[in-house]
Amino acid sequence: MTSIPPFRDPTAPGNSLIPRQDWDRAPWNRWTFQHVIDLLPTTPVLRGAGPVSILPTDLRDIDAISFAAEGQTQTIGSFLETSYANGLLVLHSGKIVAERYLNGMTPYTQHLSQSVAKSIVGTVAGILIGRGMVDSVAPVTHYLPELEATAYRGATVQHVLDMTSGVVFDETYTTLDSHMAQLDVASGWKDRWNPNWPTNVWDLILSLKDLECPHGTSFRYRSIETDVLSFVLERAAATPLAELVSRELWVPMGAEEDAYFTVDAAGYALGDGGFNATLRDYARFALLHLRGGEIDGRRIVPTEWIAGTRFGGDPRLFGGIYQEVLPAGAYHNQFWIEDAARGVYMARGVFGQLIYIDPVADFAAVVLSSWPEFVSTARMKTTLAAVSAIRGALSLQ
């Protein structure tokens with residue numbers, strides 16, 4: 001399919017070639033998700049020179065906690081051994097109570113977040129909306145008039161925040177000619193094998209001309225919606241996405257390490273899935289949400305936006321395959337809502353990335369993984385059962 005040489009894995013001299021078109025798939029993702037910066041063009045999300053937010057530690061033994069999932073009973077210890085996890089961090093009452101690194105990952109490893117990146121971008125959107133720089137009910141064409149010639153005509157910023165635009169976008173990950181395959185090429189993640197495909201993400205957005213339903217009537221998971229949102233934020237703030245995330249989130253949050261995005265041929269930072277950061281800095285992001293948008297006494301995200309994210313989703317738009325994992329769920333502001341009544345919400349990404357946030361229990365968990373599959377309902381249910389068991393055990397201590 002391509003004559004361009006494969007990547008090299010310097011840690012595996014006996015099996016050192018990684019196919020360029022499959023670098024993000026098993027078995028190579030066990031290594032590549034921790035080394036994206038060695039494979040693709042990137043741009044930094046700087047932490048700046050400010051203070052690091054302290055994460056107090058009170059480690060507990062969680063390995064023996066048992067739980068049932070998919071007809072089997074196992075422990076957290078066995079889950080970590082069999083789930084293709086690379087990192088696990090648990091926060092309770094503002095402290096780290098568990099922190100594990102597996103598969104060669106270290107506290108300094110920047111791990112690919114996949115679609116957890118969407119919630120990073122969504123949070124920055126909440127900051128700009130709260131500041132009045134972006135109007136969520138305005139049409140996206142107010143910020144991006146070029147989209148008048150696309151199916152996004154008439155869609156609002158809130159529609160792309162909630163992935164309810166109605167634009168046709170085939171998210172199928174394993175089909176060679178899907179829109180998602182085109183996005184892989186446009187983003188620079190894969191080599192271009194079809195000469196008619198767009199060469200960057202903006203041109204891919206401009207090519208989307210068809211509607212499958214009226215805007216605002218149904219949720220469909222479309223990664224490209226986050227990229228439309230990202231361009232809205234860039235245009236409104238007159239700032240590139242990576243710099244915007246640094247200025248509005250990473251620096252004020254007190255991140256310990258720089259993060260980074262992958263970039264396409266035009267220099268666009270991939271908002272829908274190209275973000276990479278350390279386990280502890282993902283945990284700081286979770287703590288920011290647990291604290292209602294504050295960290296170390298600094299207000300970063302508006303309280304109203306956090307509350308609106310937790311409780312503002314419409315379960316009526318949320319059906320079909322999505323309810324297999326989240327039967328009481330919704331999707332709102334680039335977050336998955338596990339429990340629309342309790343306000344438990346999540347950032348999720350393919351291959352097993354998860355930030356789970358339960359403000360009522362003052363509990364959060366970050367799981368970074370390299371599953372063999374893009375999506376697995378069974379693995380996701382098992383992960384959520386494991387996280388729930390940890391939460392339940394901590395509530396009794």
# chains A, B, ... in the order shown; residues from 1 in each chain; ligands from 1
>>> closest_atom_pairs(of="region 232-293 of chain A", to="region 14-35 of chain A", cutoff="12 Å", atoms="only C-alpha atoms", output="tab-separated table")
residue	atom	partner	partner_atom	distance
A:Tyr260	CA	A:His35	CA	11.5
A:Thr262	CA	A:His35	CA	11.6
A:Gly273	CA	A:Phe33	CA	11.9
A:Gly274	CA	A:Phe33	CA	10.7
A:Phe275	CA	A:Phe33	CA	10.9
A:Asn276	CA	A:Gln34	CA	8.6
A:Ala277	CA	A:Gln34	CA	9.5
A:Thr278	CA	A:Gln34	CA	9.6
A:Leu279	CA	A:Gln34	CA	11.1
>>> select_by_dssp(residues="region 104-318 of chain A", states="alpha helix (DSSP H)", output="MDAnalysis selection string")
chainID A and resid 116:130 140:143 157:162 179:186 201:206 224:237 241:245 251:253 279:290 303:311
>>> residues_around(residues="region 50-67 of chain A", least_positions_apart="3", cutoff="8 Å", atoms="only C-alpha atoms", output="PDB file with C-alpha atoms, in the first residue's frame")
ATOM      1  CA  ARG A  47       3.524  23.925  31.160  1.00  0.00           C
ATOM      2  CA  THR A  73     -14.960 -12.514  39.179  1.00  0.00           C
ATOM      3  CA  GLN A  74     -11.495 -11.030  39.369  1.00  0.00           C
ATOM      4  CA  THR A  75      -9.377  -8.674  41.435  1.00  0.00           C
ATOM      5  CA  ILE A  76      -7.854  -5.308  40.606  1.00  0.00           C
ATOM      6  CA  GLY A  77      -4.473  -7.026  40.610  1.00  0.00           C
ATOM      7  CA  SER A  78      -5.533  -9.554  37.991  1.00  0.00           C
ATOM      8  CA  GLY A  94      -7.887  14.974  46.812  1.00  0.00           C
ATOM      9  CA  LYS A  95      -5.074  12.447  47.274  1.00  0.00           C
ATOM     10  CA  ILE A  96      -3.409   9.830  45.116  1.00  0.00           C
ATOM     11  CA  VAL A  97      -4.380   6.500  46.648  1.00  0.00           C
ATOM     12  CA  ALA A  98      -3.048   4.288  43.845  1.00  0.00           C
ATOM     13  CA  GLU A  99      -0.476   4.887  41.121  1.00  0.00           C
ATOM     14  CA  VAL A 251      -0.290  26.473  32.796  1.00  0.00           C
ATOM     15  CA  PRO A 252      -3.051  27.594  35.210  1.00  0.00           C
ATOM     16  CA  MET A 253      -3.773  23.953  36.151  1.00  0.00           C
ATOM     17  CA  GLY A 254      -0.180  23.606  37.359  1.00  0.00           C
ATOM     18  CA  ALA A 255       0.808  20.740  35.090  1.00  0.00           C
ATOM     19  CA  GLU A 256       4.120  19.150  36.007  1.00  0.00           C
ATOM     20  CA  ARG A 284      -4.542  16.966  37.627  1.00  0.00           C
ATOM     21  CA  ILE A 295      -7.346  23.746  41.572  1.00  0.00           C
ATOM     22  CA  ASP A 296      -5.155  25.028  44.412  1.00  0.00           C
ATOM     23  CA  ALA A 385     -16.624  -2.383  36.939  1.00  0.00           C
ATOM     24  CA  ALA A 386     -13.035  -2.293  38.233  1.00  0.00           C
ATOM     25  CA  ALA A 389     -15.167  -1.512  42.801  1.00  0.00           C
ATOM     26  CA  ILE A 390     -12.222   0.686  43.780  1.00  0.00           C
ATOM     27  CA  ALA A 393     -13.913  -0.015  48.610  1.00  0.00           C
TER      28      ALA A 393
END
>>> closest_residue(among="A:Asp362, A:Asp264, A:Asp162, A:Asp258", to="Asp191 (chain A)", atoms="only C-alpha atoms")
A:Asp264
>>> residues_around(residues="Phe311 (chain A)", least_positions_apart="3", cutoff="7 Å", atoms="only C-alpha atoms", output="list of chain:residue names")
A:Ala307, A:Gly308, A:Ala340, A:Ala341, A:Gly343
>>> select_by_dssp(residues="region 78-279 of chain A", states="strand (DSSP E or B)", output="PyMOL selection string")
chain A and resi 85-92+95-101+111-112+139+156+167+211+259-263+269+275-277
>>> residues_around(residues="region 83-87 of chain A", least_positions_apart="4", cutoff="9 Å", atoms="only C-alpha atoms", output="list in words")
Arg30, Gln34, Ser78, Phe79, Glu99, Arg100, Tyr101, Leu102, Asn103, Gly104, Met105, Thr106, His111, Leu279, Gly352, Val366, Val367, Leu368, Ser369, Ser370, Trp371, Pro372, Arg379, Thr382 and Thr383 of chain A
>>> atom_distance(atom1="CA of Glu304 (chain A)", atom2="CA of Pro327 (chain A)")
25.6 Å
>>> residues_around(residues="Asp184 (chain A)", least_positions_apart="2", cutoff="12 Å", atoms="only C-alpha atoms", output="number ranges by chain")
A: 20-24, 171-182, 186-193, 197-201, 204, 223-224, 262-264, 270, 272-274
>>> write_last_selection(atoms="C-alpha atoms", output="PDB file, in the first residue's frame")
ATOM      1  CA  ARG A  20       3.629   2.896   9.067  1.00  0.00           C
ATOM      2  CA  GLN A  21      -0.032   2.236   8.289  1.00  0.00           C
ATOM      3  CA  ASP A  22      -0.517   0.164  11.455  1.00  0.00           C
ATOM      4  CA  TRP A  23       1.641   1.953  14.045  1.00  0.00           C
ATOM      5  CA  ASP A  24      -1.384   2.556  16.285  1.00  0.00           C
ATOM      6  CA  GLU A 171     -16.562   6.775  12.175  1.00  0.00           C
ATOM      7  CA  THR A 172     -15.817   3.131  11.254  1.00  0.00           C
ATOM      8  CA  TYR A 173     -12.227   2.488  12.346  1.00  0.00           C
ATOM      9  CA  THR A 174     -11.500  -0.640  10.362  1.00  0.00           C
ATOM     10  CA  THR A 175     -12.963   0.299   6.964  1.00  0.00           C
ATOM     11  CA  LEU A 176     -10.367   1.444   4.435  1.00  0.00           C
ATOM     12  CA  ASP A 177     -12.558   4.079   2.764  1.00  0.00           C
ATOM     13  CA  SER A 178     -14.470   5.499   5.767  1.00  0.00           C
ATOM     14  CA  HIS A 179     -14.357   9.142   6.773  1.00  0.00           C
ATOM     15  CA  MET A 180     -12.310   8.002   9.766  1.00  0.00           C
ATOM     16  CA  ALA A 181      -9.731   6.493   7.421  1.00  0.00           C
ATOM     17  CA  GLN A 182      -9.648   9.816   5.588  1.00  0.00           C
ATOM     18  CA  ALA A 186      -5.567  14.100   6.737  1.00  0.00           C
ATOM     19  CA  SER A 187      -4.180  14.292  10.289  1.00  0.00           C
ATOM     20  CA  GLY A 188      -0.839  12.845   9.207  1.00  0.00           C
ATOM     21  CA  TRP A 189      -1.288   9.650  11.222  1.00  0.00           C
ATOM     22  CA  LYS A 190      -1.295   7.481   8.089  1.00  0.00           C
ATOM     23  CA  ASP A 191       0.266   7.765   4.648  1.00  0.00           C
ATOM     24  CA  ARG A 192      -1.966   8.989   1.833  1.00  0.00           C
ATOM     25  CA  TRP A 193      -2.850   6.105  -0.450  1.00  0.00           C
ATOM     26  CA  TRP A 197      -8.362  12.390  -0.285  1.00  0.00           C
ATOM     27  CA  PRO A 198      -7.817  15.659   1.608  1.00  0.00           C
ATOM     28  CA  THR A 199      -4.257  16.277   2.764  1.00  0.00           C
ATOM     29  CA  ASN A 200      -5.160  18.115   5.984  1.00  0.00           C
ATOM     30  CA  VAL A 201      -7.992  18.194   8.501  1.00  0.00           C
ATOM     31  CA  LEU A 204     -11.529  17.217   5.089  1.00  0.00           C
ATOM     32  CA  SER A 223     -14.538  12.665  15.799  1.00  0.00           C
ATOM     33  CA  ILE A 224     -14.474  15.445  13.217  1.00  0.00           C
ATOM     34  CA  THR A 262       0.338  15.597  16.830  1.00  0.00           C
ATOM     35  CA  VAL A 263      -0.011  18.019  13.896  1.00  0.00           C
ATOM     36  CA  ASP A 264      -1.159  17.657  10.298  1.00  0.00           C
ATOM     37  CA  LEU A 270      -5.251  17.254  16.201  1.00  0.00           C
ATOM     38  CA  ASP A 272      -9.953  14.984  18.312  1.00  0.00           C
ATOM     39  CA  GLY A 273      -7.247  12.558  19.467  1.00  0.00           C
ATOM     40  CA  GLY A 274      -3.651  13.729  19.143  1.00  0.00           C
TER      41      GLY A 274
END
>>> closest_residue(among="A:Ile357, A:Ala236, A:Ala49, A:Ile120", to="Gly292 (chain A)", atoms="only C-alpha atoms")
A:Ile357
>>> atom_distance(atom1="CA of Val301 (chain A)", atom2="CA of Ala347 (chain A)")
16.3 Å
>>> closest_residue(among="A:Ile337, A:Val245, A:Leu290, A:Val350", to="Ala365 (chain A)", atoms="only C-alpha atoms")
A:Leu290
>>> atom_distance(atom1="CA of Gly126 (chain A)", atom2="CA of Thr309 (chain A)")
9.3 Å
>>> closest_residue(among="A:Ser165, A:Thr150, A:Thr156, A:Ser395", to="Ser218 (chain A)", atoms="only C-alpha atoms")
A:Ser165
>>> closest_atom_pairs(of="region 165-244 of chain A", to="region 140-144 of chain A", cutoff="8 Å", atoms="only C-alpha atoms", output="JSON lines")
{"residue": "A:Phe231", "atom": "CA", "partner": "A:Leu144", "partner_atom": "CA", "distance": 7.7}
{"residue": "A:Val232", "atom": "CA", "partner": "A:Tyr143", "partner_atom": "CA", "distance": 5.8}
{"residue": "A:Arg235", "atom": "CA", "partner": "A:Tyr143", "partner_atom": "CA", "distance": 6.4}
{"residue": "A:Ala236", "atom": "CA", "partner": "A:Tyr143", "partner_atom": "CA", "distance": 6.6}
>>> residues_around(residues="Leu249 (chain A)", least_positions_apart="6", cutoff="12 Å", atoms="only C-alpha atoms", output="PyMOL selection string")
chain A and resi 45-48+119-128+241-243+255+258-259+281-282+284-285+288-289+293-295+298-301
